[in-house]
>>> print(open('protein-v6.cif').read())   # mmCIF, N, CA and C atoms
data_query
#
loop_
_atom_site.label_atom_id
_atom_site.label_comp_id
_atom_site.auth_asym_id
_atom_site.auth_seq_id
_atom_site.Cartn_x
_atom_site.Cartn_y
_atom_site.Cartn_z
N MET P 73 29.50 -89.76 -61.94
CA MET P 73 28.40 -88.89 -62.29
C MET P 73 27.80 -88.31 -61.02
N ASP P 74 27.57 -86.99 -61.02
CA ASP P 74 27.00 -86.34 -59.85
C ASP P 74 25.54 -86.72 -59.70
N SER P 75 25.09 -86.80 -58.44
CA SER P 75 23.68 -87.08 -58.22
C SER P 75 22.88 -85.81 -58.48
N PRO P 76 21.62 -85.94 -58.91
CA PRO P 76 20.81 -84.75 -59.19
C PRO P 76 20.52 -83.99 -57.90
N LEU P 77 20.33 -82.68 -58.04
CA LEU P 77 19.97 -81.87 -56.89
C LEU P 77 18.59 -82.27 -56.39
N PRO P 78 18.34 -82.16 -55.09
CA PRO P 78 17.03 -82.50 -54.57
C PRO P 78 15.98 -81.54 -55.11
N SER P 79 14.74 -81.99 -55.14
CA SER P 79 13.66 -81.14 -55.61
C SER P 79 13.42 -80.03 -54.60
N PRO P 80 12.76 -78.93 -54.99
CA PRO P 80 12.48 -77.85 -54.04
C PRO P 80 11.64 -78.32 -52.85
N GLU P 81 10.88 -79.37 -53.03
CA GLU P 81 10.06 -79.90 -51.94
C GLU P 81 10.88 -80.73 -50.97
N GLY P 82 12.09 -81.08 -51.36
CA GLY P 82 12.94 -81.87 -50.48
C GLY P 82 12.99 -83.32 -50.91
N PRO P 83 13.64 -84.12 -50.10
CA PRO P 83 13.80 -85.53 -50.43
C PRO P 83 12.48 -86.29 -50.32
N SER P 84 12.47 -87.49 -50.84
CA SER P 84 11.26 -88.31 -50.82
C SER P 84 10.92 -88.74 -49.39
N ASP P 85 9.67 -89.09 -49.20
CA ASP P 85 9.24 -89.57 -47.89
C ASP P 85 9.99 -90.84 -47.50
N ASP P 86 10.30 -91.70 -48.46
CA ASP P 86 11.04 -92.93 -48.16
C ASP P 86 12.42 -92.61 -47.58
N ILE P 87 13.10 -91.66 -48.19
CA ILE P 87 14.42 -91.27 -47.69
C ILE P 87 14.30 -90.66 -46.30
N LEU P 88 13.31 -89.78 -46.10
CA LEU P 88 13.14 -89.15 -44.79
C LEU P 88 12.77 -90.15 -43.71
N THR P 89 12.07 -91.20 -44.09
CA THR P 89 11.67 -92.22 -43.13
C THR P 89 12.83 -93.10 -42.72
N GLU P 90 13.62 -93.52 -43.69
CA GLU P 90 14.67 -94.49 -43.43
C GLU P 90 16.03 -93.88 -43.13
N GLN P 91 16.36 -92.74 -43.78
CA GLN P 91 17.71 -92.20 -43.70
C GLN P 91 17.80 -90.84 -43.04
N GLY P 92 16.77 -90.02 -43.17
CA GLY P 92 16.83 -88.66 -42.69
C GLY P 92 17.43 -87.74 -43.72
N LEU P 93 17.93 -86.59 -43.27
CA LEU P 93 18.46 -85.57 -44.16
C LEU P 93 19.65 -84.89 -43.49
N ALA P 94 20.77 -84.86 -44.17
CA ALA P 94 21.96 -84.19 -43.64
C ALA P 94 21.90 -82.71 -43.97
N PRO P 95 22.48 -81.84 -43.13
CA PRO P 95 22.37 -80.39 -43.38
C PRO P 95 23.03 -79.94 -44.67
N ALA P 96 24.07 -80.61 -45.13
CA ALA P 96 24.76 -80.18 -46.35
C ALA P 96 24.07 -80.71 -47.61
N ALA P 97 22.93 -81.36 -47.48
CA ALA P 97 22.28 -81.96 -48.63
C ALA P 97 21.63 -80.94 -49.55
N TYR P 98 21.54 -79.69 -49.12
CA TYR P 98 20.86 -78.69 -49.93
C TYR P 98 21.82 -77.59 -50.35
N PRO P 99 21.70 -77.15 -51.59
CA PRO P 99 22.57 -76.07 -52.08
C PRO P 99 22.40 -74.84 -51.20
N GLY P 100 23.50 -74.15 -50.95
CA GLY P 100 23.45 -72.92 -50.17
C GLY P 100 23.67 -73.15 -48.69
N ALA P 101 23.66 -74.38 -48.23
CA ALA P 101 23.92 -74.66 -46.82
C ALA P 101 25.39 -74.35 -46.55
N ASP P 102 25.63 -73.47 -45.61
CA ASP P 102 26.99 -73.08 -45.27
C ASP P 102 27.14 -73.12 -43.75
N PRO P 103 27.37 -74.32 -43.20
CA PRO P 103 27.43 -74.45 -41.75
C PRO P 103 28.48 -73.58 -41.08
N GLY P 104 29.52 -73.17 -41.77
CA GLY P 104 30.57 -72.38 -41.15
C GLY P 104 30.26 -70.89 -41.06
N ALA P 105 29.19 -70.42 -41.71
CA ALA P 105 28.88 -68.99 -41.71
C ALA P 105 28.41 -68.53 -40.34
N GLU P 106 28.68 -67.28 -40.04
CA GLU P 106 28.30 -66.71 -38.75
C GLU P 106 26.78 -66.57 -38.64
N GLY P 107 26.26 -66.83 -37.43
CA GLY P 107 24.83 -66.68 -37.19
C GLY P 107 23.98 -67.85 -37.65
N ARG P 108 24.60 -68.96 -38.01
CA ARG P 108 23.87 -70.12 -38.51
C ARG P 108 23.17 -70.85 -37.37
N VAL P 109 21.98 -71.34 -37.66
CA VAL P 109 21.20 -72.13 -36.71
C VAL P 109 20.90 -73.47 -37.39
N LEU P 110 21.13 -74.55 -36.66
CA LEU P 110 20.79 -75.87 -37.17
C LEU P 110 19.55 -76.37 -36.45
N LEU P 111 18.55 -76.74 -37.22
CA LEU P 111 17.36 -77.38 -36.69
C LEU P 111 17.58 -78.89 -36.82
N ILE P 112 17.50 -79.59 -35.71
CA ILE P 112 17.60 -81.05 -35.72
C ILE P 112 16.18 -81.55 -35.53
N ALA P 113 15.63 -82.13 -36.58
CA ALA P 113 14.19 -82.42 -36.59
C ALA P 113 13.90 -83.86 -36.96
N CYS P 114 12.67 -84.22 -36.76
CA CYS P 114 12.15 -85.50 -37.20
C CYS P 114 11.95 -85.44 -38.71
N GLY P 115 12.32 -86.50 -39.40
CA GLY P 115 12.13 -86.55 -40.85
C GLY P 115 10.69 -86.38 -41.29
N ALA P 116 9.74 -86.69 -40.40
CA ALA P 116 8.33 -86.52 -40.74
C ALA P 116 7.94 -85.06 -40.90
N LEU P 117 8.77 -84.15 -40.41
CA LEU P 117 8.47 -82.71 -40.48
C LEU P 117 9.27 -81.98 -41.54
N ALA P 118 10.10 -82.67 -42.28
CA ALA P 118 11.02 -82.03 -43.21
C ALA P 118 10.31 -81.16 -44.25
N HIS P 119 9.29 -81.66 -44.89
CA HIS P 119 8.63 -80.90 -45.95
C HIS P 119 8.06 -79.60 -45.41
N GLU P 120 7.44 -79.65 -44.23
CA GLU P 120 6.84 -78.45 -43.65
C GLU P 120 7.91 -77.44 -43.23
N ILE P 121 8.99 -77.92 -42.63
CA ILE P 121 10.05 -77.02 -42.20
C ILE P 121 10.74 -76.39 -43.42
N LEU P 122 11.01 -77.18 -44.44
CA LEU P 122 11.62 -76.64 -45.65
C LEU P 122 10.71 -75.61 -46.32
N ALA P 123 9.41 -75.86 -46.32
CA ALA P 123 8.46 -74.90 -46.90
C ALA P 123 8.46 -73.59 -46.11
N LEU P 124 8.44 -73.67 -44.78
CA LEU P 124 8.49 -72.46 -43.95
C LEU P 124 9.79 -71.70 -44.18
N LYS P 125 10.88 -72.43 -44.26
CA LYS P 125 12.19 -71.82 -44.51
C LYS P 125 12.20 -71.06 -45.84
N ARG P 126 11.66 -71.71 -46.86
CA ARG P 126 11.62 -71.12 -48.20
C ARG P 126 10.69 -69.91 -48.24
N MET P 127 9.47 -70.05 -47.70
CA MET P 127 8.48 -68.97 -47.76
C MET P 127 8.91 -67.73 -46.98
N ASN P 128 9.66 -67.92 -45.90
CA ASN P 128 10.04 -66.81 -45.04
C ASN P 128 11.45 -66.31 -45.28
N GLY P 129 12.17 -66.93 -46.20
CA GLY P 129 13.53 -66.51 -46.50
C GLY P 129 14.48 -66.70 -45.33
N TRP P 130 14.26 -67.75 -44.58
CA TRP P 130 15.09 -68.04 -43.40
C TRP P 130 16.39 -68.72 -43.84
N ASP P 131 17.23 -67.96 -44.50
CA ASP P 131 18.47 -68.51 -45.05
C ASP P 131 19.51 -68.81 -43.99
N HIS P 132 19.33 -68.32 -42.79
CA HIS P 132 20.28 -68.59 -41.71
C HIS P 132 20.05 -69.95 -41.06
N LEU P 133 18.94 -70.62 -41.44
CA LEU P 133 18.61 -71.93 -40.87
C LEU P 133 19.04 -73.05 -41.79
N ASP P 134 19.63 -74.07 -41.19
CA ASP P 134 19.90 -75.31 -41.90
C ASP P 134 19.10 -76.39 -41.20
N LEU P 135 18.79 -77.44 -41.91
CA LEU P 135 17.94 -78.50 -41.38
C LEU P 135 18.66 -79.83 -41.46
N GLN P 136 18.68 -80.53 -40.35
CA GLN P 136 19.09 -81.93 -40.36
C GLN P 136 17.90 -82.71 -39.82
N CYS P 137 17.48 -83.72 -40.56
CA CYS P 137 16.39 -84.56 -40.11
C CYS P 137 16.91 -85.95 -39.77
N LEU P 138 16.49 -86.42 -38.63
CA LEU P 138 16.75 -87.80 -38.26
C LEU P 138 15.67 -88.65 -38.89
N PRO P 139 15.91 -89.93 -39.09
CA PRO P 139 14.90 -90.77 -39.74
C PRO P 139 13.57 -90.76 -38.99
N ALA P 140 12.50 -90.58 -39.73
CA ALA P 140 11.16 -90.54 -39.12
C ALA P 140 10.81 -91.84 -38.43
N ASN P 141 11.38 -92.93 -38.90
CA ASN P 141 11.03 -94.22 -38.29
C ASN P 141 11.59 -94.40 -36.88
N LEU P 142 12.36 -93.43 -36.38
CA LEU P 142 12.77 -93.50 -34.97
C LEU P 142 11.57 -93.50 -34.03
N HIS P 143 10.43 -93.00 -34.51
CA HIS P 143 9.23 -93.03 -33.68
C HIS P 143 8.79 -94.47 -33.37
N LEU P 144 9.26 -95.42 -34.15
CA LEU P 144 8.96 -96.82 -33.84
C LEU P 144 9.73 -97.30 -32.62
N TRP P 145 10.83 -96.62 -32.31
CA TRP P 145 11.68 -96.94 -31.17
C TRP P 145 12.01 -95.64 -30.43
N PRO P 146 11.05 -95.05 -29.72
CA PRO P 146 11.27 -93.74 -29.10
C PRO P 146 12.47 -93.71 -28.14
N ASP P 147 12.83 -94.85 -27.57
CA ASP P 147 13.98 -94.88 -26.67
C ASP P 147 15.29 -94.56 -27.40
N ARG P 148 15.29 -94.65 -28.73
CA ARG P 148 16.49 -94.35 -29.52
C ARG P 148 16.62 -92.87 -29.88
N ILE P 149 15.53 -92.11 -29.73
CA ILE P 149 15.54 -90.71 -30.14
C ILE P 149 16.56 -89.88 -29.34
N PRO P 150 16.60 -89.96 -28.01
CA PRO P 150 17.57 -89.12 -27.28
C PRO P 150 19.02 -89.33 -27.72
N ASP P 151 19.43 -90.57 -27.92
CA ASP P 151 20.81 -90.83 -28.34
C ASP P 151 21.06 -90.33 -29.76
N ALA P 152 20.07 -90.47 -30.63
CA ALA P 152 20.23 -89.99 -32.01
C ALA P 152 20.36 -88.46 -32.02
N VAL P 153 19.57 -87.79 -31.19
CA VAL P 153 19.67 -86.33 -31.09
C VAL P 153 21.03 -85.95 -30.52
N ALA P 154 21.47 -86.65 -29.48
CA ALA P 154 22.78 -86.35 -28.88
C ALA P 154 23.91 -86.53 -29.90
N ASP P 155 23.83 -87.57 -30.73
CA ASP P 155 24.84 -87.79 -31.77
C ASP P 155 24.85 -86.63 -32.77
N ALA P 156 23.65 -86.16 -33.17
CA ALA P 156 23.55 -85.05 -34.12
C ALA P 156 24.10 -83.77 -33.51
N VAL P 157 23.79 -83.51 -32.25
CA VAL P 157 24.32 -82.32 -31.58
C VAL P 157 25.84 -82.39 -31.53
N ALA P 158 26.38 -83.54 -31.13
CA ALA P 158 27.83 -83.69 -31.05
C ALA P 158 28.50 -83.49 -32.41
N ALA P 159 27.87 -83.98 -33.46
CA ALA P 159 28.46 -83.90 -34.80
C ALA P 159 28.47 -82.47 -35.35
N HIS P 160 27.53 -81.63 -34.91
CA HIS P 160 27.37 -80.33 -35.55
C HIS P 160 27.53 -79.13 -34.63
N ARG P 161 27.69 -79.35 -33.33
CA ARG P 161 27.73 -78.24 -32.37
C ARG P 161 28.77 -77.17 -32.75
N ASP P 162 29.94 -77.58 -33.14
CA ASP P 162 31.02 -76.63 -33.42
C ASP P 162 30.81 -75.83 -34.71
N ALA P 163 29.97 -76.30 -35.60
CA ALA P 163 29.78 -75.64 -36.89
C ALA P 163 28.65 -74.61 -36.88
N TYR P 164 27.89 -74.54 -35.80
CA TYR P 164 26.72 -73.66 -35.74
C TYR P 164 26.75 -72.82 -34.48
N ASP P 165 26.16 -71.63 -34.59
CA ASP P 165 26.04 -70.76 -33.43
C ASP P 165 24.97 -71.25 -32.47
N ARG P 166 23.96 -71.90 -33.01
CA ARG P 166 22.86 -72.38 -32.17
C ARG P 166 22.25 -73.63 -32.80
N LEU P 167 21.84 -74.55 -31.95
CA LEU P 167 21.13 -75.75 -32.40
C LEU P 167 19.78 -75.78 -31.69
N PHE P 168 18.75 -76.19 -32.41
CA PHE P 168 17.41 -76.29 -31.83
C PHE P 168 16.82 -77.63 -32.25
N VAL P 169 16.22 -78.34 -31.31
CA VAL P 169 15.68 -79.67 -31.57
C VAL P 169 14.18 -79.55 -31.85
N VAL P 170 13.80 -79.95 -33.06
CA VAL P 170 12.40 -79.90 -33.47
C VAL P 170 11.79 -81.30 -33.32
N TYR P 171 11.84 -81.74 -32.09
CA TYR P 171 11.15 -82.94 -31.60
C TYR P 171 10.47 -82.47 -30.33
N ALA P 172 9.36 -83.07 -29.98
CA ALA P 172 8.79 -82.90 -28.66
C ALA P 172 9.12 -84.19 -27.90
N ASP P 173 8.30 -84.57 -26.94
CA ASP P 173 8.62 -85.78 -26.17
C ASP P 173 8.60 -87.03 -27.05
N CYS P 174 7.65 -87.14 -27.94
CA CYS P 174 7.59 -88.22 -28.94
C CYS P 174 7.74 -89.62 -28.34
N GLY P 175 7.14 -89.81 -27.17
CA GLY P 175 7.14 -91.14 -26.58
C GLY P 175 8.38 -91.49 -25.77
N THR P 176 9.25 -90.51 -25.51
CA THR P 176 10.48 -90.81 -24.79
C THR P 176 10.31 -90.77 -23.28
N GLY P 177 9.13 -90.42 -22.82
CA GLY P 177 8.88 -90.39 -21.38
C GLY P 177 9.74 -89.37 -20.64
N GLY P 178 10.04 -88.25 -21.29
CA GLY P 178 10.84 -87.21 -20.67
C GLY P 178 12.34 -87.35 -20.89
N LEU P 179 12.77 -88.47 -21.46
CA LEU P 179 14.21 -88.70 -21.66
C LEU P 179 14.83 -87.72 -22.66
N LEU P 180 14.05 -87.33 -23.68
CA LEU P 180 14.61 -86.39 -24.65
C LEU P 180 14.80 -85.02 -24.01
N GLN P 181 13.85 -84.57 -23.21
CA GLN P 181 14.01 -83.28 -22.53
C GLN P 181 15.23 -83.31 -21.61
N GLU P 182 15.39 -84.40 -20.88
CA GLU P 182 16.57 -84.54 -20.01
C GLU P 182 17.85 -84.47 -20.82
N LYS P 183 17.89 -85.15 -21.96
CA LYS P 183 19.09 -85.15 -22.80
C LYS P 183 19.36 -83.75 -23.35
N CYS P 184 18.31 -83.05 -23.79
CA CYS P 184 18.49 -81.70 -24.31
C CYS P 184 18.98 -80.76 -23.22
N ASN P 185 18.44 -80.90 -22.00
CA ASN P 185 18.92 -80.09 -20.88
C ASN P 185 20.41 -80.35 -20.63
N GLU P 186 20.77 -81.63 -20.65
CA GLU P 186 22.17 -82.03 -20.45
C GLU P 186 23.08 -81.43 -21.52
N LEU P 187 22.58 -81.40 -22.77
CA LEU P 187 23.36 -80.90 -23.90
C LEU P 187 23.32 -79.38 -24.03
N GLY P 188 22.40 -78.74 -23.31
CA GLY P 188 22.26 -77.29 -23.40
C GLY P 188 21.61 -76.81 -24.68
N VAL P 189 20.68 -77.61 -25.23
CA VAL P 189 19.94 -77.20 -26.43
C VAL P 189 18.45 -77.16 -26.11
N GLU P 190 17.74 -76.28 -26.80
CA GLU P 190 16.30 -76.16 -26.61
C GLU P 190 15.58 -77.13 -27.53
N MET P 191 14.33 -77.44 -27.15
CA MET P 191 13.51 -78.32 -27.98
C MET P 191 12.06 -77.86 -27.94
N VAL P 192 11.25 -78.36 -28.84
CA VAL P 192 9.83 -78.07 -28.91
C VAL P 192 9.15 -78.67 -27.69
N GLU P 193 8.23 -77.93 -27.10
CA GLU P 193 7.47 -78.46 -25.98
C GLU P 193 6.25 -79.22 -26.50
N GLY P 194 5.82 -80.19 -25.74
CA GLY P 194 4.59 -80.91 -26.09
C GLY P 194 4.79 -82.40 -26.11
N PRO P 195 3.69 -83.10 -26.33
CA PRO P 195 3.74 -84.56 -26.29
C PRO P 195 4.35 -85.19 -27.55
N HIS P 196 4.26 -84.51 -28.69
CA HIS P 196 4.78 -85.07 -29.94
C HIS P 196 5.17 -83.94 -30.88
N CYS P 197 6.05 -84.23 -31.84
CA CYS P 197 6.59 -83.18 -32.70
C CYS P 197 5.55 -82.58 -33.64
N TYR P 198 4.47 -83.29 -33.92
CA TYR P 198 3.44 -82.73 -34.79
C TYR P 198 2.72 -81.58 -34.11
N ARG P 199 2.84 -81.48 -32.79
CA ARG P 199 2.16 -80.43 -32.03
C ARG P 199 2.53 -79.04 -32.55
N PHE P 200 3.77 -78.87 -32.99
CA PHE P 200 4.17 -77.54 -33.42
C PHE P 200 3.47 -77.14 -34.72
N LEU P 201 2.88 -78.07 -35.44
CA LEU P 201 2.14 -77.75 -36.66
C LEU P 201 0.71 -77.30 -36.36
N LYS P 202 0.26 -77.51 -35.15
CA LYS P 202 -1.10 -77.15 -34.78
C LYS P 202 -1.27 -75.65 -34.91
N ALA P 203 -2.27 -75.23 -35.69
CA ALA P 203 -2.44 -73.82 -36.01
C ALA P 203 -3.17 -73.03 -34.93
N THR P 204 -3.82 -73.68 -34.01
CA THR P 204 -4.59 -72.95 -33.01
C THR P 204 -3.74 -72.65 -31.79
N PRO P 205 -3.97 -71.47 -31.17
CA PRO P 205 -3.21 -71.15 -29.96
C PRO P 205 -3.65 -72.03 -28.80
N PRO P 206 -2.84 -72.11 -27.77
CA PRO P 206 -3.23 -72.92 -26.61
C PRO P 206 -4.51 -72.38 -25.99
N SER P 207 -5.28 -73.26 -25.40
CA SER P 207 -6.52 -72.86 -24.74
C SER P 207 -6.21 -72.07 -23.49
N PRO P 208 -7.07 -71.08 -23.16
CA PRO P 208 -6.86 -70.35 -21.91
C PRO P 208 -7.14 -71.27 -20.73
N PRO P 209 -6.61 -70.94 -19.56
CA PRO P 209 -6.87 -71.79 -18.41
C PRO P 209 -8.36 -71.88 -18.13
N ARG P 210 -8.80 -73.06 -17.74
CA ARG P 210 -10.22 -73.25 -17.42
C ARG P 210 -10.50 -72.69 -16.04
N ARG P 211 -11.66 -72.03 -15.92
CA ARG P 211 -12.02 -71.51 -14.60
C ARG P 211 -12.89 -72.54 -13.90
N LYS P 212 -12.86 -72.47 -12.58
CA LYS P 212 -13.64 -73.40 -11.78
C LYS P 212 -15.12 -73.13 -11.98
N ARG P 213 -15.91 -74.18 -11.85
CA ARG P 213 -17.36 -74.04 -11.96
C ARG P 213 -17.88 -73.01 -10.99
N ASN P 214 -18.84 -72.24 -11.46
CA ASN P 214 -19.52 -71.24 -10.66
C ASN P 214 -18.61 -70.11 -10.18
N SER P 215 -17.43 -70.00 -10.75
CA SER P 215 -16.58 -68.87 -10.38
C SER P 215 -16.73 -67.81 -11.46
N PRO P 216 -16.73 -66.55 -11.07
CA PRO P 216 -16.91 -65.48 -12.06
C PRO P 216 -15.67 -65.38 -12.95
N PRO P 217 -15.85 -64.92 -14.18
CA PRO P 217 -14.69 -64.74 -15.06
C PRO P 217 -13.77 -63.67 -14.51
N SER P 218 -12.50 -63.81 -14.75
CA SER P 218 -11.55 -62.79 -14.28
C SER P 218 -11.63 -61.59 -15.21
N THR P 219 -11.36 -60.44 -14.62
CA THR P 219 -11.41 -59.19 -15.40
C THR P 219 -10.08 -58.54 -15.48
#
>>> encode(input="protein-v6.cif", output="C-alpha cells")
Amino acid sequence: MDSPLPSPEGPSDDILTEQGLAPAAYPGADPGAEGRVLLIACGALAHEILALKRMNGWDHLDLQCLPANLHLWPDRIPDAVADAVAAHRDAYDRLFVVYADCGTGGLLQEKCNELGVEMVEGPHCYRFLKATPPSPPRRKRNSPPST
C-alpha cells in the first residue's frame, strides 16, 4: 500500500526533528530538470521554506532538510551538510545551505567554502526569518551624521 502524500504544510514536526526531509518526498520534485536549485536546510525551517516556495511559485527549488535535532550536536552539522552536498551535487545546477553558523564555531562556513556552496550568514539559521533589515552602522559619540 502506498503511503499518503504529505500535507501541503509539509511533514510533521516530529519527522523534521528526528529524520529530516528528502528532496524527492514532495510531488513535482524533479532533481534532473535544468535550472534546479536544492536548498539544504535545517528541519526547523521546513514549514517556512515550503510556505515561501508555495506562495512565490518557486518551482525550480527543491528542499532537503536535515534533522532539526542536529542543533543538539552542532559539531555534526558540517559533516551532515557535506554528506547532503555529496549525495545531490550532480543532480542540481546549484545547492544552497540554509543554515547559519548554528553553534559550529565557523566549521560550517569552512566546510561550505571547501565544498564551493553558499550558506546563510549569521549566528543561527533562524536569523534569516528576521523581518527587519540590518541596523545601520553606529556613529561615534559626538560625531555629526554623515550626509
>>> axis_aligned_box(input="protein-v6.cif", around="stretch 141-156 of chain P", padding_each_side="6 Å", output="JSON")
{"center_x": 16.8, "center_y": -90.5, "center_z": -32.8, "size_x": 28.1, "size_y": 25.5, "size_z": 24.2}
>>> resolve_selection(input="protein-v6.cif", expression="the PyMOL selection byres (((chain P and resi 191 and name CA) around 8) and name CA)", output="ChimeraX atom specification")
/P:168-172,181,184,189-190,192-193
>>> atom_distance(input="protein-v6.cif", atom1="atom CA of P:Arg166", atom2="atom CA of P:Leu110")
6.4 Å
>>> atom_distance(input="protein-v6.cif", atom1="atom CA of P:Gln136", atom2="atom C of P:Ala123")
14.7 Å
>>> select_by_dssp(input="protein-v6.cif", residues="stretch 123-172 of chain P", states="strand (DSSP E or B)", output="list in words")
Leu133, Asp134, Leu135, Gln136, Cys137, Leu138, Arg166, Leu167, Phe168, Val169 and Val170 of chain P
>>> closest_residue(input="protein-v6.cif", among="P:Leu111, P:Ala116, P:Ile149, P:Leu122", to="P:Leu135", atoms="all atoms listed in the file")
P:Leu111
>>> resolve_selection(input="protein-v6.cif", expression="the PyMOL selection byres ((chain P and resi 109) around 8)", output="ChimeraX atom specification")
/P:103,105-108,110-112,131-136,163-168
>>> atom_distance(input="protein-v6.cif", atom1="atom CA of P:Ala140", atom2="atom CA of P:Arg161")
21.7 Å
>>> resolve_selection(input="protein-v6.cif", expression="the PyMOL selection byres (((chain P and resi 143 and name CA) around 12) and name CA)", output="ChimeraX atom specification")
/P:89-90,114-116,138-142,144-150,152,171-176,196-198
>>> write_last_selection(input="protein-v6.cif", atoms="N, CA and C atoms", output="PDB file, keeping the file's coordinate frame")
ATOM      1  N   THR P  89      12.070 -91.200 -44.090  1.00  0.00           N
ATOM      2  CA  THR P  89      11.670 -92.220 -43.130  1.00  0.00           C
ATOM      3  C   THR P  89      12.830 -93.100 -42.720  1.00  0.00           C
ATOM      4  N   GLU P  90      13.620 -93.520 -43.690  1.00  0.00           N
ATOM      5  CA  GLU P  90      14.670 -94.490 -43.430  1.00  0.00           C
ATOM      6  C   GLU P  90      16.030 -93.880 -43.130  1.00  0.00           C
ATOM      7  N   CYS P 114      12.670 -84.220 -36.760  1.00  0.00           N
ATOM      8  CA  CYS P 114      12.150 -85.500 -37.200  1.00  0.00           C
ATOM      9  C   CYS P 114      11.950 -85.440 -38.710  1.00  0.00           C
ATOM     10  N   GLY P 115      12.320 -86.500 -39.400  1.00  0.00           N
ATOM     11  CA  GLY P 115      12.130 -86.550 -40.850  1.00  0.00           C
ATOM     12  C   GLY P 115      10.690 -86.380 -41.290  1.00  0.00           C
ATOM     13  N   ALA P 116       9.740 -86.690 -40.400  1.00  0.00           N
ATOM     14  CA  ALA P 116       8.330 -86.520 -40.740  1.00  0.00           C
ATOM     15  C   ALA P 116       7.940 -85.060 -40.900  1.00  0.00           C
ATOM     16  N   LEU P 138      16.490 -86.420 -38.630  1.00  0.00           N
ATOM     17  CA  LEU P 138      16.750 -87.800 -38.260  1.00  0.00           C
ATOM     18  C   LEU P 138      15.670 -88.650 -38.890  1.00  0.00           C
ATOM     19  N   PRO P 139      15.910 -89.930 -39.090  1.00  0.00           N
ATOM     20  CA  PRO P 139      14.900 -90.770 -39.740  1.00  0.00           C
ATOM     21  C   PRO P 139      13.570 -90.760 -38.990  1.00  0.00           C
ATOM     22  N   ALA P 140      12.500 -90.580 -39.730  1.00  0.00           N
ATOM     23  CA  ALA P 140      11.160 -90.540 -39.120  1.00  0.00           C
ATOM     24  C   ALA P 140      10.810 -91.840 -38.430  1.00  0.00           C
ATOM     25  N   ASN P 141      11.380 -92.930 -38.900  1.00  0.00           N
ATOM     26  CA  ASN P 141      11.030 -94.220 -38.290  1.00  0.00           C
ATOM     27  C   ASN P 141      11.590 -94.400 -36.880  1.00  0.00           C
ATOM     28  N   LEU P 142      12.360 -93.430 -36.380  1.00  0.00           N
ATOM     29  CA  LEU P 142      12.770 -93.500 -34.970  1.00  0.00           C
ATOM     30  C   LEU P 142      11.570 -93.500 -34.030  1.00  0.00           C
ATOM     31  N   LEU P 144       9.260 -95.420 -34.150  1.00  0.00           N
ATOM     32  CA  LEU P 144       8.960 -96.820 -33.840  1.00  0.00           C
ATOM     33  C   LEU P 144       9.730 -97.300 -32.620  1.00  0.00           C
ATOM     34  N   TRP P 145      10.830 -96.620 -32.310  1.00  0.00           N
ATOM     35  CA  TRP P 145      11.680 -96.940 -31.170  1.00  0.00           C
ATOM     36  C   TRP P 145      12.010 -95.640 -30.430  1.00  0.00           C
ATOM     37  N   PRO P 146      11.050 -95.050 -29.720  1.00  0.00           N
ATOM     38  CA  PRO P 146      11.270 -93.740 -29.100  1.00  0.00           C
ATOM     39  C   PRO P 146      12.470 -93.710 -28.140  1.00  0.00           C
ATOM     40  N   ASP P 147      12.830 -94.850 -27.570  1.00  0.00           N
ATOM     41  CA  ASP P 147      13.980 -94.880 -26.670  1.00  0.00           C
ATOM     42  C   ASP P 147      15.290 -94.560 -27.400  1.00  0.00           C
ATOM     43  N   ARG P 148      15.290 -94.650 -28.730  1.00  0.00           N
ATOM     44  CA  ARG P 148      16.490 -94.350 -29.520  1.00  0.00           C
ATOM     45  C   ARG P 148      16.620 -92.870 -29.880  1.00  0.00           C
ATOM     46  N   ILE P 149      15.530 -92.110 -29.730  1.00  0.00           N
ATOM     47  CA  ILE P 149      15.540 -90.710 -30.140  1.00  0.00           C
ATOM     48  C   ILE P 149      16.560 -89.880 -29.340  1.00  0.00           C
ATOM     49  N   PRO P 150      16.600 -89.960 -28.010  1.00  0.00           N
ATOM     50  CA  PRO P 150      17.570 -89.120 -27.280  1.00  0.00           C
ATOM     51  C   PRO P 150      19.020 -89.330 -27.720  1.00  0.00           C
ATOM     52  N   ALA P 152      20.070 -90.470 -30.630  1.00  0.00           N
ATOM     53  CA  ALA P 152      20.230 -89.990 -32.010  1.00  0.00           C
ATOM     54  C   ALA P 152      20.360 -88.460 -32.020  1.00  0.00           C
ATOM     55  N   TYR P 171      11.840 -81.740 -32.090  1.00  0.00           N
ATOM     56  CA  TYR P 171      11.150 -82.940 -31.600  1.00  0.00           C
ATOM     57  C   TYR P 171      10.470 -82.470 -30.330  1.00  0.00           C
ATOM     58  N   ALA P 172       9.360 -83.070 -29.980  1.00  0.00           N
ATOM     59  CA  ALA P 172       8.790 -82.900 -28.660  1.00  0.00           C
ATOM     60  C   ALA P 172       9.120 -84.190 -27.900  1.00  0.00           C
ATOM     61  N   ASP P 173       8.300 -84.570 -26.940  1.00  0.00           N
ATOM     62  CA  ASP P 173       8.620 -85.780 -26.170  1.00  0.00           C
ATOM     63  C   ASP P 173       8.600 -87.030 -27.050  1.00  0.00           C
ATOM     64  N   CYS P 174       7.650 -87.140 -27.940  1.00  0.00           N
ATOM     65  CA  CYS P 174       7.590 -88.220 -28.940  1.00  0.00           C
ATOM     66  C   CYS P 174       7.740 -89.620 -28.340  1.00  0.00           C
ATOM     67  N   GLY P 175       7.140 -89.810 -27.170  1.00  0.00           N
ATOM     68  CA  GLY P 175       7.140 -91.140 -26.580  1.00  0.00           C
ATOM     69  C   GLY P 175       8.380 -91.490 -25.770  1.00  0.00           C
ATOM     70  N   THR P 176       9.250 -90.510 -25.510  1.00  0.00           N
ATOM     71  CA  THR P 176      10.480 -90.810 -24.790  1.00  0.00           C
ATOM     72  C   THR P 176      10.310 -90.770 -23.280  1.00  0.00           C
ATOM     73  N   HIS P 196       4.260 -84.510 -28.690  1.00  0.00           N
ATOM     74  CA  HIS P 196       4.780 -85.070 -29.940  1.00  0.00           C
ATOM     75  C   HIS P 196       5.170 -83.940 -30.880  1.00  0.00           C
ATOM     76  N   CYS P 197       6.050 -84.230 -31.840  1.00  0.00           N
ATOM     77  CA  CYS P 197       6.590 -83.180 -32.700  1.00  0.00           C
ATOM     78  C   CYS P 197       5.550 -82.580 -33.640  1.00  0.00           C
ATOM     79  N   TYR P 198       4.470 -83.290 -33.920  1.00  0.00           N
ATOM     80  CA  TYR P 198       3.440 -82.730 -34.790  1.00  0.00           C
ATOM     81  C   TYR P 198       2.720 -81.580 -34.110  1.00  0.00           C
TER      82      TYR P 198
END
